[in-house]
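Peer 1: Take this structure, written in structure tokens, and hold onto it; I'll ask about it next.
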Amino acid sequence: MPPKLALLEFKFEDFEGLPSERGQSTWSEELTDPHGNAWKLLLYPCGDRREDEGWVSIYLCNSGENDVCAKYSFIMRNASGEVHTESNREKATKLFKAGGDGRGRGKWIKRSEILDEKNNILSDGALVLDVHLQVIERGSLHKPSGSVLTKMLQLLENTDNAD
């Protein structure tokens with residue numbers, strides 16, 4: 001059975017009033033997926049690093065107690081519910097270390113694009129971001145049986161054909 005896709009909706013109230021200098025960040029509230037894993041979104045409203053200045057940087061962080069393997073993508077809708085920006089990162093499974101650094105995008109969308117009223121992105125001043133998350137349970141990961149080293153040791157230990 002394929003892992004279930006979860007939708008986590010993170011909301012940042014008063015986006016325009018959030019820190020507006022590069023390197024300043026804010027955290028979302030903690031949300032829990034259907035598997036019981038805790039997640040937070042780390043948002044840099046004006047970029048994380050020098051090369052990201054003027055861009056919104058976002059990182060999904062595992063705020064739980066256990067490491068989690070998952071696929072994810074970020075989706076931002078306009079106030080009408082239509083997809084405005086999407087990052088498709090669901091193809092590769094990533095390891096999210098418990099309490100570790102997040103995974104995401106340094107240059108996700110220009111801050112000015114979010115603030116531009118004609119784009120109708122903010123909903124009552126709030127930035128709402130969806131995260132599509134597919135948690136991969138450890139038992140469902142394919143592990144090849146045996147390894148080259150194990151087979152070599154078995155051959156070395158086999159005395160039937162030894163000289």
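Identifiers in the structure tokens: chain A, B, ... in order shown; residue index from 1 per chain; ligand index from 1 in order shown.
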Applying 12 Å and only C-alpha atoms, which residues near range 3-11 of chain A remain after dropping the ones on its own chain fewer than 6 positions away? List them as a ChimeraX atom specification.

Peer 2: /A:26-43,58-60,69-77,90,93,122-141

Peer 1: Pick out the residues sitting within 9 Å of range 16-18 of chain A, and hand them over as a list in words; count only C-alpha atoms, and ignore anything fewer than 2 positions along from it in its own chain.

Peer 2: Phe12, Glu13, Asp14, Ser20, Gln24, Ser25, Thr26, Pro45, Leu115, Gly125 and Ala126 of chain A

Peer 1: So which residues of range 30-148 of chain A fall under helix (DSSP H, G or I) by DSSP, listed as a VMD selection string?

Peer 2: chain A and resid 50 to 52 111 to 115 117 to 119 138 to 140 148

Peer 1: How would the residues just chosen look if you wrote them out with C-alpha atoms as a PDB file, in the first residue's frame?

Peer 2:
```pdb
ATOM      1  CA  ARG A  50      23.002  37.014   0.830  1.00  0.00           C
ATOM      2  CA  GLU A  51      22.152  35.465  -2.551  1.00  0.00           C
ATOM      3  CA  ASP A  52      18.513  35.026  -1.407  1.00  0.00           C
ATOM      4  CA  ARG A 111       8.704  38.979  -1.403  1.00  0.00           C
ATOM      5  CA  SER A 112       7.486  41.789  -3.657  1.00  0.00           C
ATOM      6  CA  GLU A 113       5.360  39.277  -5.617  1.00  0.00           C
ATOM      7  CA  ILE A 114       3.571  38.225  -2.436  1.00  0.00           C
ATOM      8  CA  LEU A 115       2.989  41.837  -1.386  1.00  0.00           C
ATOM      9  CA  GLU A 117      -2.047  43.246  -4.389  1.00  0.00           C
ATOM     10  CA  LYS A 118      -2.792  42.317  -8.011  1.00  0.00           C
ATOM     11  CA  ASN A 119      -1.545  38.775  -7.275  1.00  0.00           C
ATOM     12  CA  ARG A 138      11.030   2.739   7.565  1.00  0.00           C
ATOM     13  CA  GLY A 139       9.741  -0.788   6.951  1.00  0.00           C
ATOM     14  CA  SER A 140       8.562   0.164   3.459  1.00  0.00           C
ATOM     15  CA  VAL A 148      29.052  -7.163  -1.255  1.00  0.00           C
TER      16      VAL A 148
END
```

Peer 1: Just how far from CA of His84 in chain A is CA of Cys61 in chain A, in Å to one decimal?

Peer 2: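 So the two atoms, CA of Cys61 in chain A and CA of His84 in chain A, lie 22.8 Å apart.
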
Peer 1: As a list in words, please: the residues near Gly23 in chain A (cut-off 7 Å, only C-alpha atoms, same-chain neighbours under 5 positions excluded).

Peer 2: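 Answer for this query is Tyr44, Gly47, Asp48 and Arg49 of chain A.
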
Peer 1: Which polymer residues have any atom within 7 Å of an atom of Val68 in chain A, counting only C-alpha atoms, with same-chain residues fewer than 3 positions away left out, as a list of chain:residue names?

Peer 2: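 In the requested form, the answer reads A:Leu95, A:Phe96, A:Lys97.
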
Peer 1: Could you write out the selected residues, including all heavy atoms, as a PDB file, in the first residue's frame?

Peer 2:
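Once written, again_31.pdb looks like this:
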```pdb
ATOM      1  N   LEU A  95      15.638  12.502   4.188  1.00  0.00           N
ATOM      2  CA  LEU A  95      15.670  12.215   5.613  1.00  0.00           C
ATOM      3  C   LEU A  95      15.571  13.539   6.367  1.00  0.00           C
ATOM      4  O   LEU A  95      16.373  14.453   6.150  1.00  0.00           O
ATOM      5  CB  LEU A  95      16.960  11.484   5.996  1.00  0.00           C
ATOM      6  CG  LEU A  95      17.161  11.249   7.492  1.00  0.00           C
ATOM      7  CD1 LEU A  95      16.079  10.318   8.037  1.00  0.00           C
ATOM      8  CD2 LEU A  95      18.538  10.681   7.756  1.00  0.00           C
ATOM      9  N   PHE A  96      14.581  13.640   7.223  1.00  0.00           N
ATOM     10  CA  PHE A  96      14.415  14.795   8.094  1.00  0.00           C
ATOM     11  C   PHE A  96      14.846  14.355   9.487  1.00  0.00           C
ATOM     12  O   PHE A  96      14.144  13.581  10.141  1.00  0.00           O
ATOM     13  CB  PHE A  96      12.951  15.255   8.120  1.00  0.00           C
ATOM     14  CG  PHE A  96      12.489  15.898   6.850  1.00  0.00           C
ATOM     15  CD1 PHE A  96      12.029  15.126   5.790  1.00  0.00           C
ATOM     16  CD2 PHE A  96      12.503  17.272   6.710  1.00  0.00           C
ATOM     17  CE1 PHE A  96      11.582  15.718   4.621  1.00  0.00           C
ATOM     18  CE2 PHE A  96      12.060  17.878   5.536  1.00  0.00           C
ATOM     19  CZ  PHE A  96      11.606  17.096   4.494  1.00  0.00           C
ATOM     20  N   LYS A  97      15.995  14.837   9.936  1.00  0.00           N
ATOM     21  CA  LYS A  97      16.505  14.486  11.257  1.00  0.00           C
ATOM     22  C   LYS A  97      15.643  15.145  12.326  1.00  0.00           C
ATOM     23  O   LYS A  97      15.221  16.292  12.173  1.00  0.00           O
ATOM     24  CB  LYS A  97      17.949  14.953  11.423  1.00  0.00           C
ATOM     25  CG  LYS A  97      18.929  14.278  10.484  1.00  0.00           C
ATOM     26  CD  LYS A  97      19.156  12.875  10.886  1.00  0.00           C
ATOM     27  CE  LYS A  97      20.608  12.615  11.126  1.00  0.00           C
ATOM     28  NZ  LYS A  97      20.822  11.310  11.705  1.00  0.00           N
TER      29      LYS A  97
END
```

Peer 1: Would you work out the distance separating CA of Asp67 in chain A from CA of Gly100 in chain A, expressed in Å to one decimal?

Peer 2: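 These two atoms are separated by 8.9 Å.
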
Peer 1: Between CA of Ala92 in chain A and CA of Asn62 in chain A, what is the distance in Å, rounded to a tenth?

Peer 2: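 Distance between the two atoms: 16.9 Å.
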